[in-house]
Structure formats: C-alpha cells, structure tokens
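Taking it in order: structure first as structure tokens, then the write-up.
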Amino acid sequence: MEGAFNSSMPLPFSYTFTFTPGTSSADVTDSVTVTSPWMDTRIWSKLPLTLIDRVIAFLPPPAFFRARCVCKRWYGLLFSNSFLELYIQISPRHHWFLFFKHKSLKSYIYRNNSSTSDSCGKATATDICEGYLFDPYDIAWYRISFALVPSGFSPAAVSGGLICWISDEAGAKSIILCNPLIGYLSQLPPTLRPRLFPSIGIRVGPSSIDVAVAGDDLISPYAVKNLSTENFHIDAGGFYSLWGTTSSLPRLCSLESGQMVCVDDIFYCMNYNPFSVLAYEIAANSWCKIQAPMRRFLRSPRLVESRGKLLLVAAVEKSKLNVPKSLRLWCLQPCGTTWIEVERMPQQLYLQFAEVEVGHGFNCVGHGEFIAIIIRGSIKVLLFDILRKIWQWIPPCSCIDGFGGDDDELHGFAYEPTVTTPVTGLLDQLTIPFQSFTG
C-alpha cells in the first residue's frame, strides 16, 4: 500500500469546483476574511488528534482525498493502521454507482481509443480505461482512471470496494481484483476451464472472498455451451479453494453473459427462453431455478440487489389484453420461490420512458435504496429512490461523450468506494506472481 501513491500518479478523482449561482468571487473573498469565534484557530488547534481522525473518517471519498493535501500527517492517514481500523468501524457506507462505456454486450470494450502501447509495452494515455462515479445523494459525477489495469481486461463485477476485471481473450480466464482509490491490484490464478464470455459473481466479506465463473464453456474453438461453474474461495480461517470447487449448471439453461447479483450468500442471474431466475448457493455449491413472475409478458428483465433483497425489474407488455404497458418491480420473498410486486412506474412517466427507450431495452443496477435504469444505446439513466418513491432523470456526466453507434451503451455497477479493503491481505498470502499482460 505504501507504493499506491507517488508524485507521478494523478489523484484518483478529478474535481470540478463551482460557485453557487449569484455568488461573485469578491463575495467569496470577503466571506473568507470574516472572523468568527467558532473558527478561532486557537480552539481548533487544540482538538485531540483522535477526534480529528474521527471527523476525517466520516468524510466522503472525494473530500477525504482533498483533505490529504492539507498536511503530511493527513496525507499519511491512508497508511496508518490505527486510522484504517477506525475507518472500518465508523465510516458511513456510500451507495454509489460506477459506470463504464462499451461497444456491445459481448465485446466489453472500455478503452477510449484503440489499444496502443509504447516501445516498452506499457499502456499509453489513449489506452487507459476510465470510469465514471455517480453519487446519488449529491447528484454529482466524478471521473476515475484505471491506469494500473493492463489492457485486455474488462470490468465484470464489483463487491466490497473491489472491482473484478476479467481477461477478454477466449480460454482460461485471468481475473484481477482492483481498488482504484488506493491503487491496489491483485491477480487470481487462472480458471481451469476455457470460456468465452462467462457470467461473473463476486462476494467480498470482512474475512472472505468468493468468485464464481459460470457458463460459456468452450467445447470447441468455434462453439460454447453453458455447462459448468467454477468457484474461487479464500477466508481468514485458512481455507481456500483455487477454482477447485465446480458444479454443473441446470440443463438447457440460457443465461446471458454478464454479472451476477449476490444476496445472502446466493448468486442470482437471469435465464432466458423462457424467463426464469437461476440461483447458485455458494455454501451448498448447487444451482436451482426460480420461476419469474409474468414470465410470458416480460421485456428486458433485470435482477438487482437493494437493501439486502433481490428485486426483478422488467417492462410488462400484455398487448392482447386490456392492461396498460408498464415497468414494474417485484421482490423475492424469504421462501425463495414467491415474488410480490412492490412498485410500478407512474404511467405518465412510463410513456416518456418508452419514448426515449424506443424498444432498445435497458439495463439495471441497484445499490442501497437506489435503482439506476440505463437505456441501451444512450447515456440516459433514470434513478429510482425506493424509500422516497421518487423517479428522476440523472443529469448527464460532462465527461461522457455521446455514443456513435447503436451498440454503444453504459454498463453500471453498484460501487461502494472505500480507502481500505483488509480482506485483500488474504490474497497477498497466496504469493501468486503477477503476470505481465500487454494486450
């Protein structure tokens, strides 16, 4: 971690400072010179360091990294074990979203331009992947760079502040876990079976890491079939399984390549033709199938996790019946087989949504009390606050350019930014040499 930051590495966040409308620079200057007994330096300079550390631990990540520029001690908090332990205990959770751009569902192209490298084999500026963080509480965007991630990898899943990157090449899959805020990277051993574009699930707990890779088994150089699942596990108790735990997928399943959703130690993913939900229980190493609600009338069904529950988001189109088209949310009940409708998009909003979507479909990602609905082929995102029952269009990020083709779209993840992930120390004990990838 000591080498995570250096003078040649840019800060992980790029900030934009704006004045409140109606406030001039002169007003700001005058306000700074106003003296107040509450801002008396003789008072603030006598605060105990432990109290200051507690205040800093409550800062959101962008403010925390700005605060590190204040003095040498605050800069070194990122490397202080006592502060990091305090941070884990009291720092509030941030239910943010992380977005990437890519060309199509199975190409997973996240590079700004074509992949290039210099004479030393290092990624150049045009080859660096960028992500876009969205804070749903302050409705703010931040741009984040993944300069340390080698080319030829694409983000596949997120959990516990770690981003799981998987190799694009067909064959045994190489996986990298990354915490971009502190520049941490760790490579897992390659999977045992060759695959094309499998579904990826990751669960990062306080003392364990589980990664599941399912489907798209390469049965020949020109054919794939959904046959098996491989599971990577490591925990603080000393037990680990380096893809040694495998299980067979249900017969005739047709899961879409992509990320899984983890709820209560179970990975969920959508099954198609007809629509159903596949559930993989990590402890039992077994799959089961759950029938989807109104499965014959669903369009673009997506699974999301929200506040510890599994939700199904889908458009309902019963054209032959006198039922208006709508977008609905169902919640899976504790029994694991029954769905209950919990929300329906207002009809007037759905008409506006359908006009923007134009039948292209949509993707969804849930985090905390928020669900982001991403319209394919555009940069438009609709945010739903489950607690307040508020629907709103997210203001576009100025850093995201418009898309040039029908296959372009945003790919979203539920991301919780954190400045420490102590469970990664378990991976360091594996002493797996990091391979060099040149793309």
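Residues in the structure tokens are named by chain (A, B, ... in the order shown) and by number from 1 within that chain; ligands are numbered from 1 in the order shown.
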
Exercise for the section: Fewer than 2 positions away in the same chain doesn't count, so skip those; otherwise give me all residues within 9 Å of A:Asn285, counting only C-alpha atoms, as a ChimeraX atom specification. Expected result: /A:231,245-247,280-283,287

Practice task
List every residue of stretch 153-378 of chain A that DSSP, applied to the backbone, labels as helix (DSSP H, G or I), and write the result as a list in words.
Solution key: Arg295, Arg296, Phe297, Gln347, Gln348, Leu349, Tyr350, Leu351, Gln352, Phe353, Ala354, Glu355, Val356 and Glu357 of chain A

Mind writing the picked residues with C-alpha atoms as a compact mmCIF listing (two decimals), in the first residue's frame?
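Output contents, as saved in part28.txt:
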```txt
# COMPACT_ATOMS: atom_id res chain seq x y z
CA ARG A 295 -42.68 -14.52 -17.48
CA ARG A 296 -44.60 -14.61 -20.77
CA PHE A 297 -45.09 -10.86 -20.82
CA GLN A 347 -47.98 5.67 -16.30
CA GLN A 348 -47.19 9.20 -17.49
CA LEU A 349 -43.50 8.67 -16.72
CA TYR A 350 -43.54 5.30 -18.44
CA LEU A 351 -44.86 6.88 -21.62
CA GLN A 352 -41.95 9.32 -21.52
CA PHE A 353 -39.55 6.48 -20.72
CA ALA A 354 -40.84 4.35 -23.60
CA GLU A 355 -40.47 7.29 -25.98
CA VAL A 356 -36.79 7.64 -25.03
CA GLU A 357 -36.11 3.90 -24.95
```

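Shortest separation to A:Lys309 among A:Cys331, A:Ala284, A:Ala172, A:Leu255 occurs at residue A:Cys331, atoms counted being only C-alpha atoms.
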
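Going from atom CA of A:Val213 to atom CA of A:Gly171 covers 12.7 Å.
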
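Between atom CA of A:Thr418 and atom CA of A:Ile52 there is a distance of 18.8 Å.
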
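Using only C-alpha atoms, the shortest contact distance between A:Ser306 and any of A:Phe384, A:Tyr75, A:Phe413, A:Phe370 is found at A:Phe370.
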
Practice task
Would you list the contacts of stretch 149-153 of chain A as a list in words, taking every protein, DNA or RNA residue within 6 Å and counting only C-alpha atoms, but skipping same-chain residues closer than 5 positions in sequence?
Solution key: Trp165, Ile166, Ser167, Asp168 and Gly439 of chain A

Can I get the selected residues back with N, CA, C and O atoms, as a PDB file, in the first residue's frame?
```
ATOM      1  N   TRP A 165     -11.939  -7.572 -12.634  1.00  0.00           N
ATOM      2  CA  TRP A 165     -11.645  -7.445 -14.066  1.00  0.00           C
ATOM      3  C   TRP A 165     -11.326  -8.826 -14.618  1.00  0.00           C
ATOM      4  O   TRP A 165     -10.593  -9.605 -14.003  1.00  0.00           O
ATOM      5  N   ILE A 166     -11.850  -9.140 -15.791  1.00  0.00           N
ATOM      6  CA  ILE A 166     -11.643 -10.441 -16.404  1.00  0.00           C
ATOM      7  C   ILE A 166     -11.023 -10.264 -17.781  1.00  0.00           C
ATOM      8  O   ILE A 166     -11.294  -9.284 -18.489  1.00  0.00           O
ATOM      9  N   SER A 167     -10.157 -11.203 -18.158  1.00  0.00           N
ATOM     10  CA  SER A 167      -9.476 -11.126 -19.445  1.00  0.00           C
ATOM     11  C   SER A 167     -10.470 -11.304 -20.587  1.00  0.00           C
ATOM     12  O   SER A 167     -11.430 -12.070 -20.487  1.00  0.00           O
ATOM     13  N   ASP A 168     -10.228 -10.582 -21.677  1.00  0.00           N
ATOM     14  CA  ASP A 168     -11.137 -10.626 -22.825  1.00  0.00           C
ATOM     15  C   ASP A 168     -10.902 -11.830 -23.723  1.00  0.00           C
ATOM     16  O   ASP A 168     -11.811 -12.277 -24.412  1.00  0.00           O
ATOM     17  N   GLY A 439      -1.774  -7.032 -23.810  1.00  0.00           N
ATOM     18  CA  GLY A 439      -2.985  -6.830 -24.586  1.00  0.00           C
ATOM     19  C   GLY A 439      -2.938  -7.422 -25.935  1.00  0.00           C
ATOM     20  O   GLY A 439      -2.206  -7.959 -26.582  1.00  0.00           O
TER      21      GLY A 439
END
```

Compile the contact shell of A:Met260 as a short mmCIF file (atom, residue, chain, number, x, y, z; two decimals) with N, CA and C atoms, in the first residue's frame: residues with an atom at most 8 Å away, counting only C-alpha atoms, same-chain residues fewer than 2 positions apart removed.
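Written file, part.cif:
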```cif
data_model
loop_
_atom_site.label_atom_id
_atom_site.label_comp_id
_atom_site.auth_asym_id
_atom_site.auth_seq_id
_atom_site.Cartn_x
_atom_site.Cartn_y
_atom_site.Cartn_z
N ALA A 157 -17.57 -7.39 -12.37
CA ALA A 157 -18.39 -7.42 -11.17
C ALA A 157 -17.71 -6.56 -10.11
N SER A 199 -20.56 -15.55 -17.08
CA SER A 199 -21.16 -14.68 -16.06
C SER A 199 -20.27 -14.71 -14.82
N ILE A 200 -20.09 -13.54 -14.21
CA ILE A 200 -19.17 -13.40 -13.08
C ILE A 200 -19.94 -12.93 -11.86
N GLY A 201 -19.69 -13.57 -10.72
CA GLY A 201 -20.23 -13.13 -9.45
C GLY A 201 -19.12 -13.02 -8.43
N ILE A 202 -19.15 -11.98 -7.62
CA ILE A 202 -18.13 -11.80 -6.59
C ILE A 202 -18.80 -11.34 -5.30
N GLY A 258 -22.67 -11.98 -18.35
CA GLY A 258 -22.65 -10.73 -17.60
C GLY A 258 -22.44 -10.99 -16.13
N CYS A 262 -25.51 -10.83 -5.92
CA CYS A 262 -25.33 -11.61 -4.70
C CYS A 262 -26.23 -11.08 -3.59
N PHE A 267 -25.78 -16.32 -5.35
CA PHE A 267 -25.64 -15.60 -6.61
C PHE A 267 -26.87 -15.86 -7.47
N TYR A 268 -27.42 -14.79 -8.06
CA TYR A 268 -28.59 -14.89 -8.93
C TYR A 268 -28.25 -14.34 -10.32
N CYS A 269 -28.82 -14.95 -11.35
CA CYS A 269 -28.69 -14.43 -12.70
C CYS A 269 -29.94 -14.81 -13.50
#
```

Practice task
Compile the contact shell of stretch 87-92 of chain A as a PyMOL selection string: residues with an atom at most 12 Å away, counting only C-alpha atoms, same-chain residues fewer than 5 positions apart removed.
Solution key: chain A and resi 50+53-61+64+77-82+160+206+416-423

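Residues in contact range of A:Tyr272, defined as at most 8 Å between only C-alpha atoms, with sequence neighbours fewer than 6 positions away removed, read A:Cys253, A:Ser254, A:Leu255, A:Glu256.
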
Dump as a short mmCIF file (atom, residue, chain, number, x, y, z; two decimals), in the first residue's frame, selection limited to all heavy atoms:
```
data_model
loop_
_atom_site.label_atom_id
_atom_site.label_comp_id
_atom_site.auth_asym_id
_atom_site.auth_seq_id
_atom_site.Cartn_x
_atom_site.Cartn_y
_atom_site.Cartn_z
N CYS A 253 -30.11 -24.50 -19.73
CA CYS A 253 -30.18 -23.10 -19.27
C CYS A 253 -29.59 -22.19 -20.33
O CYS A 253 -28.74 -22.58 -21.12
CB CYS A 253 -29.46 -22.93 -17.93
SG CYS A 253 -27.67 -23.13 -18.03
N SER A 254 -30.07 -20.97 -20.35
CA SER A 254 -29.63 -19.98 -21.33
C SER A 254 -29.41 -18.65 -20.61
O SER A 254 -30.19 -17.72 -20.75
CB SER A 254 -30.67 -19.83 -22.44
OG SER A 254 -30.28 -18.84 -23.37
N LEU A 255 -28.33 -18.59 -19.82
CA LEU A 255 -28.08 -17.37 -19.07
C LEU A 255 -27.30 -16.39 -19.94
O LEU A 255 -26.43 -16.78 -20.72
CB LEU A 255 -27.31 -17.67 -17.78
CG LEU A 255 -25.89 -18.25 -17.87
CD1 LEU A 255 -25.16 -18.00 -16.56
CD2 LEU A 255 -25.92 -19.73 -18.16
N GLU A 256 -27.63 -15.12 -19.78
CA GLU A 256 -26.96 -14.07 -20.54
C GLU A 256 -25.61 -13.78 -19.90
O GLU A 256 -25.49 -13.68 -18.69
CB GLU A 256 -27.80 -12.80 -20.57
CG GLU A 256 -27.17 -11.68 -21.38
CD GLU A 256 -28.04 -10.44 -21.39
OE1 GLU A 256 -29.03 -10.41 -20.65
OE2 GLU A 256 -27.73 -9.51 -22.14
#
```

Exercise for the section: Work out how far atom CA of A:Tyr132 is from atom CA of A:Cys178, in Å to one decimal. Expected result: 15.5 Å

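Among A:Phe362, A:Trp330, A:Phe239, A:Tyr142, the residue with the shortest atom-to-atom distance to A:Arg299, counting only C-alpha atoms, is A:Phe362.
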
Practice task
Compare A:Ile379, A:Ala279, A:Leu242, A:Leu47 by their minimum atom-to-atom distance to A:Ile400, counting only C-alpha atoms, and give me the closest one.
Solution key: A:Ile379
